[in-house]
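Q: This is the structure I have questions about; it appears just below.
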Number of protein chains: 2
Amino acid sequence: MSKAEKTKQFIIEKTAPLFNMKGYSGTSMSDITTATGLTKGSIYGNFENKDEVAIAAFKFNVKKLQDTFAREIEKQTTFKDKLLVYPRLYSDYYHLRITQGGCPIINTATEADDTHPVLRKKVENTILGWKDKLVCFIEQGISAGEFKAKDIDPEKTALTIIAIIEGAIMISKITGNLSHLSTIMLSLNKIIEDLE
Amino acid sequence: MSKAEKTKQFIIEKTAPLFNMKGYSGTSMSDITTATGLTKGSIYGNFENKDEVAIAAFKFNVKKLQDTFAREIEKQTTFKDKLLVYPRLYSDYYHLRITQGGCPIINTATEADDTHPVLRKKVENTILGWKDKLVCFIEQGISAGEFKAKDIDPEKTALTIIAIIEGAIMISKITGNLSHLSTIMLSLNKIIEDLE
DNA sequence: GCAAATATATACCGATTGGTATAATTAAGC
DNA sequence: GCTTAATTATACCAATCGGTATATATTTGC
């Protein structure tokens, strides 16, 4: 890794929590320079503009999140257990301290949907990718006989799982009540248990 | 209503969609003057600062939302039917065109949680108030014998309903796919149906 | 309909915004 | 170790930020 690549990575790591907490328009270039301890020259030497930093930060946050779950999911043998990783890990999401400032998906989605087409598309693809992965698990679970085939709509179930998780994160974040998150994850747990 | 009160209301109505779309830090005073056609003098003559406009706009958006649902809920006689208003109306949320820019609760929650204590508290109270109302419906439904008492945790159910709704709105908004909203509302419908 | 009070417009404030040109510094290849 | 190329720092840009003082209109109460 060259010096520039290292610096670039350093900037991303330092600004990722910033963008996740303060948002795109809430994070200024001076926020970025103070968070990194670097100067504007250094930032603009490694990134085209603020947009590029924000996009890289979003990608970084999402990858961190996905890696955490992927590691735990691949440990599981049944598809039901793979799905159950979500309510289990998310019950304690804020203690996991994966991303500072809550979920990057919901944070970026609500800010970018009407204002930032590029980020908007990135979030859309992230969610659709997540949905496809869940659909895959559910369909494979049906094939494996873990879930009953005729009553389950994989697409609907996948979308519902994501909705509950994102909604739960928002509620517990804004109320500051972490128990709300685990409470709602009990409902998600039941939804997954009821698939069989 | 005095002239000032009319102007104040006018400013709120014109800026409410603005704040809901662009967010607090994304909406500038010049955005407000162009949207209203008024000058800074007029805005600052009726509001202390940008904060106050934003808070008034948030209240306005939430009230609009709540009124729409309250009107439909009071038409229903059973508590189950009152709860079912949510999936029914939200299935077609974007065609209802209540608030431009999506749900003010989720929009303001994700921006304000780490940045704006006053707005944060407003959103928290809005959500907790909503939850209490749902808990009330569920408890009354249990008392009335509509729902089975022993299997239901009203608090958990209420929180789950809110989470699904907010998550669903976020997903359909960011993907631009309105059918995702109605699909997830089918799941919410089932959750409510299963209470009996 | 006139005077006092209120509301709106104008012109300005210092600070900060994202971004750039260029100079100083540091790393990389031989 | 020296030269060249890449990287970082400095100094600056016009534009915009939220906000204010004051002047001009416009209501309002009598």
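The way I read the labels, and the way they are meant: chains A, B, ... in the order of the structure tokens, residue 1 as the first residue of every chain, and ligand 1 as the first ligand shown, with later ones counted on from there.
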Would you tabulate, counting only C-alpha atoms, all residues of chain B that have an atom at most 9 Å from an atom of chain A, showing the closest pair of atoms and their distance in Å to one decimal, sorted by chain then ascending number, as JSON lines?

A:
```
{"residue": "B:Met21", "atom": "CA", "partner": "A:Asp114", "partner_atom": "CA", "distance": 5.8}
{"residue": "B:Lys22", "atom": "CA", "partner": "A:Thr115", "partner_atom": "CA", "distance": 6.4}
{"residue": "B:Gly23", "atom": "CA", "partner": "A:Glu111", "partner_atom": "CA", "distance": 6.9}
{"residue": "B:Tyr24", "atom": "CA", "partner": "A:Gly26", "partner_atom": "CA", "distance": 8.8}
{"residue": "B:Ser25", "atom": "CA", "partner": "A:Gly26", "partner_atom": "CA", "distance": 5.7}
{"residue": "B:Gly26", "atom": "CA", "partner": "A:Ser25", "partner_atom": "CA", "distance": 5.7}
{"residue": "B:Gly101", "atom": "CA", "partner": "A:Asp114", "partner_atom": "CA", "distance": 6.8}
{"residue": "B:Gly102", "atom": "CA", "partner": "A:Thr110", "partner_atom": "CA", "distance": 8.5}
{"residue": "B:Ile106", "atom": "CA", "partner": "A:Met170", "partner_atom": "CA", "distance": 7.2}
{"residue": "B:Asn107", "atom": "CA", "partner": "A:Thr110", "partner_atom": "CA", "distance": 5.4}
{"residue": "B:Thr108", "atom": "CA", "partner": "A:Thr110", "partner_atom": "CA", "distance": 8.6}
{"residue": "B:Ala109", "atom": "CA", "partner": "A:Ile174", "partner_atom": "CA", "distance": 6.0}
{"residue": "B:Thr110", "atom": "CA", "partner": "A:Asn107", "partner_atom": "CA", "distance": 5.5}
{"residue": "B:Glu111", "atom": "CA", "partner": "A:Gly23", "partner_atom": "CA", "distance": 6.9}
{"residue": "B:Ala112", "atom": "CA", "partner": "A:Ile174", "partner_atom": "CA", "distance": 8.2}
{"residue": "B:Asp113", "atom": "CA", "partner": "A:Ile174", "partner_atom": "CA", "distance": 5.5}
{"residue": "B:Asp114", "atom": "CA", "partner": "A:Met21", "partner_atom": "CA", "distance": 5.8}
{"residue": "B:Thr115", "atom": "CA", "partner": "A:Lys22", "partner_atom": "CA", "distance": 6.4}
{"residue": "B:Arg120", "atom": "CA", "partner": "A:Ile174", "partner_atom": "CA", "distance": 6.5}
{"residue": "B:Lys121", "atom": "CA", "partner": "A:Ile174", "partner_atom": "CA", "distance": 8.0}
{"residue": "B:Val123", "atom": "CA", "partner": "A:Ile174", "partner_atom": "CA", "distance": 7.2}
{"residue": "B:Glu124", "atom": "CA", "partner": "A:Thr175", "partner_atom": "CA", "distance": 5.2}
{"residue": "B:Asn125", "atom": "CA", "partner": "A:Thr175", "partner_atom": "CA", "distance": 8.3}
{"residue": "B:Ile127", "atom": "CA", "partner": "A:Ile171", "partner_atom": "CA", "distance": 7.6}
{"residue": "B:Leu128", "atom": "CA", "partner": "A:Thr175", "partner_atom": "CA", "distance": 8.1}
{"residue": "B:Glu155", "atom": "CA", "partner": "A:Thr183", "partner_atom": "CA", "distance": 8.7}
{"residue": "B:Lys156", "atom": "CA", "partner": "A:Thr183", "partner_atom": "CA", "distance": 6.0}
{"residue": "B:Thr157", "atom": "CA", "partner": "A:Ser187", "partner_atom": "CA", "distance": 7.8}
{"residue": "B:Leu159", "atom": "CA", "partner": "A:Ile184", "partner_atom": "CA", "distance": 6.4}
{"residue": "B:Thr160", "atom": "CA", "partner": "A:Ile184", "partner_atom": "CA", "distance": 5.4}
{"residue": "B:Ile161", "atom": "CA", "partner": "A:Ile164", "partner_atom": "CA", "distance": 8.5}
{"residue": "B:Ile162", "atom": "CA", "partner": "A:Gly167", "partner_atom": "CA", "distance": 7.2}
{"residue": "B:Ala163", "atom": "CA", "partner": "A:Gly167", "partner_atom": "CA", "distance": 3.8}
{"residue": "B:Ile164", "atom": "CA", "partner": "A:Ile164", "partner_atom": "CA", "distance": 4.6}
{"residue": "B:Ile165", "atom": "CA", "partner": "A:Gly167", "partner_atom": "CA", "distance": 7.4}
{"residue": "B:Glu166", "atom": "CA", "partner": "A:Gly167", "partner_atom": "CA", "distance": 5.3}
{"residue": "B:Gly167", "atom": "CA", "partner": "A:Ala163", "partner_atom": "CA", "distance": 3.8}
{"residue": "B:Ala168", "atom": "CA", "partner": "A:Ala163", "partner_atom": "CA", "distance": 5.1}
{"residue": "B:Ile169", "atom": "CA", "partner": "A:Ala163", "partner_atom": "CA", "distance": 8.3}
{"residue": "B:Met170", "atom": "CA", "partner": "A:Thr110", "partner_atom": "CA", "distance": 6.9}
{"residue": "B:Ile171", "atom": "CA", "partner": "A:Ala163", "partner_atom": "CA", "distance": 7.1}
{"residue": "B:Lys173", "atom": "CA", "partner": "A:Asp113", "partner_atom": "CA", "distance": 6.9}
{"residue": "B:Ile174", "atom": "CA", "partner": "A:Asp113", "partner_atom": "CA", "distance": 5.5}
{"residue": "B:Thr175", "atom": "CA", "partner": "A:Glu124", "partner_atom": "CA", "distance": 5.2}
{"residue": "B:Gly176", "atom": "CA", "partner": "A:Glu124", "partner_atom": "CA", "distance": 8.7}
{"residue": "B:His180", "atom": "CA", "partner": "A:Leu159", "partner_atom": "CA", "distance": 7.4}
{"residue": "B:Thr183", "atom": "CA", "partner": "A:Lys156", "partner_atom": "CA", "distance": 6.0}
{"residue": "B:Ile184", "atom": "CA", "partner": "A:Thr160", "partner_atom": "CA", "distance": 5.4}
{"residue": "B:Met185", "atom": "CA", "partner": "A:Thr160", "partner_atom": "CA", "distance": 8.5}
{"residue": "B:Leu186", "atom": "CA", "partner": "A:Lys156", "partner_atom": "CA", "distance": 8.2}
{"residue": "B:Ser187", "atom": "CA", "partner": "A:Thr160", "partner_atom": "CA", "distance": 6.8}
{"residue": "B:Leu188", "atom": "CA", "partner": "A:Thr160", "partner_atom": "CA", "distance": 8.5}
```

Q: Please report as JSON, numbers by chain which residues of chain D come no farther than 9 Å from chain B, using only C-alpha atoms (C1' of nucleotides).

A: {"D": [17, 18, 19, 27]}

Q: Create the file for the chosen residues now, containing C-alpha atoms (C1' of nucleotides) and written as a short mmCIF file (atom, residue, chain, number, x, y, z; two decimals), in the first residue's frame.

A:
```cif
data_model
loop_
_atom_site.label_atom_id
_atom_site.label_comp_id
_atom_site.auth_asym_id
_atom_site.auth_seq_id
_atom_site.Cartn_x
_atom_site.Cartn_y
_atom_site.Cartn_z
"C1'" DC D 17 -24.00 30.73 5.72
"C1'" DG D 18 -27.12 32.37 9.83
"C1'" DG D 19 -28.20 36.54 11.80
"C1'" DT D 27 -52.01 46.87 9.95
#
```

Q: Residues within 6 Å of Leu195 in chain B, please, as a VMD selection string. Count only C-alpha atoms (C1' of nucleotides); anything in the same chain fewer than 2 positions from it doesn't count.

A: chain B and resid 147 192 to 193

Q: Enumerate the residues of range 13-177 of chain A with a DSSP assignment of alpha helix (DSSP H), computed from the backbone, and present them as a tab-separated table (two decimals) with C-alpha atoms, in the first residue's frame.

A:
```
chain	number	residue	atom	x	y	z
A	13	GLU	CA	-11.67	5.64	8.65
A	14	LYS	CA	-11.61	8.96	10.44
A	15	THR	CA	-14.51	10.51	8.52
A	16	ALA	CA	-16.79	7.46	8.35
A	17	PRO	CA	-18.21	7.98	11.86
A	18	LEU	CA	-18.44	11.70	11.13
A	19	PHE	CA	-20.64	11.31	8.06
A	20	ASN	CA	-22.71	8.67	9.84
A	21	MET	CA	-23.42	11.01	12.74
A	22	LYS	CA	-23.67	14.43	11.13
A	29	MET	CA	-14.53	20.08	4.97
A	30	SER	CA	-13.20	21.67	8.14
A	31	ASP	CA	-14.85	18.84	10.13
A	32	ILE	CA	-12.87	16.47	7.93
A	33	THR	CA	-9.56	18.28	8.38
A	34	THR	CA	-9.93	18.48	12.17
A	35	ALA	CA	-11.00	14.83	12.43
A	36	THR	CA	-8.01	13.70	10.40
A	40	LYS	CA	-7.28	20.61	2.79
A	41	GLY	CA	-4.42	20.05	0.39
A	42	SER	CA	-4.06	16.52	1.65
A	43	ILE	CA	-7.77	15.74	1.46
A	44	TYR	CA	-8.16	17.17	-2.06
A	45	GLY	CA	-4.98	15.44	-3.11
A	46	ASN	CA	-6.62	12.10	-2.36
A	50	LYS	CA	-16.48	16.13	-0.53
A	51	ASP	CA	-18.83	13.84	-2.42
A	52	GLU	CA	-16.12	11.27	-2.99
A	53	VAL	CA	-15.15	11.26	0.67
A	54	ALA	CA	-18.79	10.80	1.67
A	55	ILE	CA	-19.30	7.95	-0.77
A	56	ALA	CA	-16.12	6.22	0.39
A	57	ALA	CA	-17.18	6.70	4.01
A	58	PHE	CA	-20.58	5.20	3.33
A	59	LYS	CA	-19.05	2.19	1.59
A	60	PHE	CA	-16.66	1.75	4.50
A	61	ASN	CA	-19.45	1.81	7.07
A	62	VAL	CA	-21.61	-0.62	5.13
A	63	LYS	CA	-18.75	-3.04	4.55
A	64	LYS	CA	-17.91	-3.03	8.26
A	65	LEU	CA	-21.52	-3.84	9.02
A	66	GLN	CA	-21.83	-6.54	6.39
A	67	ASP	CA	-18.55	-8.21	7.37
A	68	THR	CA	-19.66	-8.48	10.98
A	69	PHE	CA	-22.84	-10.27	9.99
A	70	ALA	CA	-21.26	-12.37	7.22
A	71	ARG	CA	-18.70	-13.76	9.67
A	72	GLU	CA	-21.42	-14.84	12.08
A	73	ILE	CA	-23.74	-16.16	9.36
A	79	PHE	CA	-30.64	-21.44	6.97
A	80	LYS	CA	-32.92	-20.75	9.88
A	81	ASP	CA	-29.89	-20.22	12.08
A	82	LYS	CA	-28.39	-17.94	9.47
A	83	LEU	CA	-31.51	-15.79	9.54
A	84	LEU	CA	-31.58	-15.84	13.33
A	85	VAL	CA	-28.16	-14.17	13.37
A	86	TYR	CA	-29.89	-10.88	12.56
A	87	PRO	CA	-32.17	-10.58	15.60
A	88	ARG	CA	-29.42	-11.97	17.82
A	89	LEU	CA	-26.69	-9.55	16.76
A	90	TYR	CA	-28.98	-6.57	16.35
A	91	SER	CA	-30.39	-7.06	19.86
A	93	TYR	CA	-26.25	-3.61	18.07
A	94	TYR	CA	-25.11	-0.57	19.97
A	95	HIS	CA	-22.81	-2.55	22.22
A	96	LEU	CA	-21.23	-4.10	19.15
A	104	PRO	CA	-25.43	3.90	7.90
A	105	ILE	CA	-28.18	2.51	5.69
A	106	ILE	CA	-31.06	4.29	7.35
A	107	ASN	CA	-28.99	7.42	8.03
A	108	THR	CA	-27.87	7.80	4.45
A	109	ALA	CA	-31.20	6.71	2.99
A	110	THR	CA	-33.25	9.37	4.75
A	111	GLU	CA	-30.83	12.14	3.89
A	112	ALA	CA	-29.98	11.19	0.33
A	117	PRO	CA	-28.79	10.89	-6.40
A	118	VAL	CA	-25.39	9.17	-6.27
A	119	LEU	CA	-25.58	8.27	-2.59
A	120	ARG	CA	-29.26	7.41	-3.04
A	121	LYS	CA	-28.35	4.78	-5.64
A	122	LYS	CA	-25.61	3.35	-3.42
A	123	VAL	CA	-28.07	2.91	-0.55
A	124	GLU	CA	-30.68	1.42	-2.86
A	125	ASN	CA	-28.22	-1.16	-4.13
A	126	THR	CA	-27.11	-1.97	-0.60
A	127	ILE	CA	-30.68	-2.63	0.51
A	128	LEU	CA	-31.61	-4.61	-2.60
A	129	GLY	CA	-28.43	-6.68	-2.22
A	130	TRP	CA	-29.30	-7.38	1.40
A	131	LYS	CA	-32.85	-8.31	0.39
A	132	ASP	CA	-31.56	-10.70	-2.30
A	133	LYS	CA	-29.31	-12.40	0.24
A	134	LEU	CA	-32.23	-12.90	2.60
A	135	VAL	CA	-34.45	-14.18	-0.23
A	136	CYS	CA	-31.70	-16.64	-1.06
A	137	PHE	CA	-31.52	-17.92	2.52
A	138	ILE	CA	-35.29	-18.30	2.69
A	139	GLU	CA	-35.53	-20.10	-0.65
A	140	GLN	CA	-32.69	-22.41	0.27
A	141	GLY	CA	-34.36	-23.01	3.61
A	142	ILE	CA	-37.54	-24.01	1.80
A	143	SER	CA	-35.59	-26.33	-0.52
A	154	PRO	CA	-39.54	-15.03	0.32
A	155	GLU	CA	-39.55	-11.50	-1.09
A	156	LYS	CA	-42.18	-10.31	1.36
A	157	THR	CA	-40.44	-11.96	4.29
A	158	ALA	CA	-37.05	-10.52	3.35
A	159	LEU	CA	-38.41	-6.99	3.00
A	160	THR	CA	-40.24	-7.32	6.31
A	161	ILE	CA	-37.10	-8.45	8.12
A	162	ILE	CA	-35.17	-5.45	6.82
A	163	ALA	CA	-38.00	-3.05	7.67
A	164	ILE	CA	-38.24	-4.30	11.25
A	165	ILE	CA	-34.49	-4.07	11.78
A	166	GLU	CA	-34.13	-0.57	10.36
A	167	GLY	CA	-37.22	0.68	12.14
A	168	ALA	CA	-36.05	-0.81	15.42
A	169	ILE	CA	-32.64	0.84	15.14
A	170	MET	CA	-34.25	4.20	14.49
A	171	ILE	CA	-36.60	3.87	17.48
A	172	SER	CA	-33.94	2.82	19.97
A	173	LYS	CA	-31.52	5.46	18.68
A	174	ILE	CA	-33.92	8.36	18.96
A	175	THR	CA	-35.35	7.31	22.32
```

Q: Counting only C-alpha atoms (C1' of nucleotides), which residues of chain C come no farther than 8 Å from chain A, as JSON, numbers by chain?

A: {"C": [17, 18, 27]}

Q: Which value, in Å to one decimal, gives the distance between C1' of DC13 in chain C and C1' of DA14 in chain D?

A: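 Taking C1' of DC13 in chain C as the start and C1' of DA14 in chain D as the end point, the length is 17.1 Å.
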
Q: Residues near DA11 in chain D, anyone? I mean within 10 Å using only C-alpha atoms (C1' of nucleotides), not counting same-chain ones fewer than 3 positions away, as a ChimeraX atom specification.

A: /C:21-23

Q: To one decimal in Å, tell me the separation between CA of Ile98 in chain A and CA of Ser179 in chain A.

A: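 Answer for the CA of Ile98 in chain A to CA of Ser179 in chain A separation: 18.0 Å.
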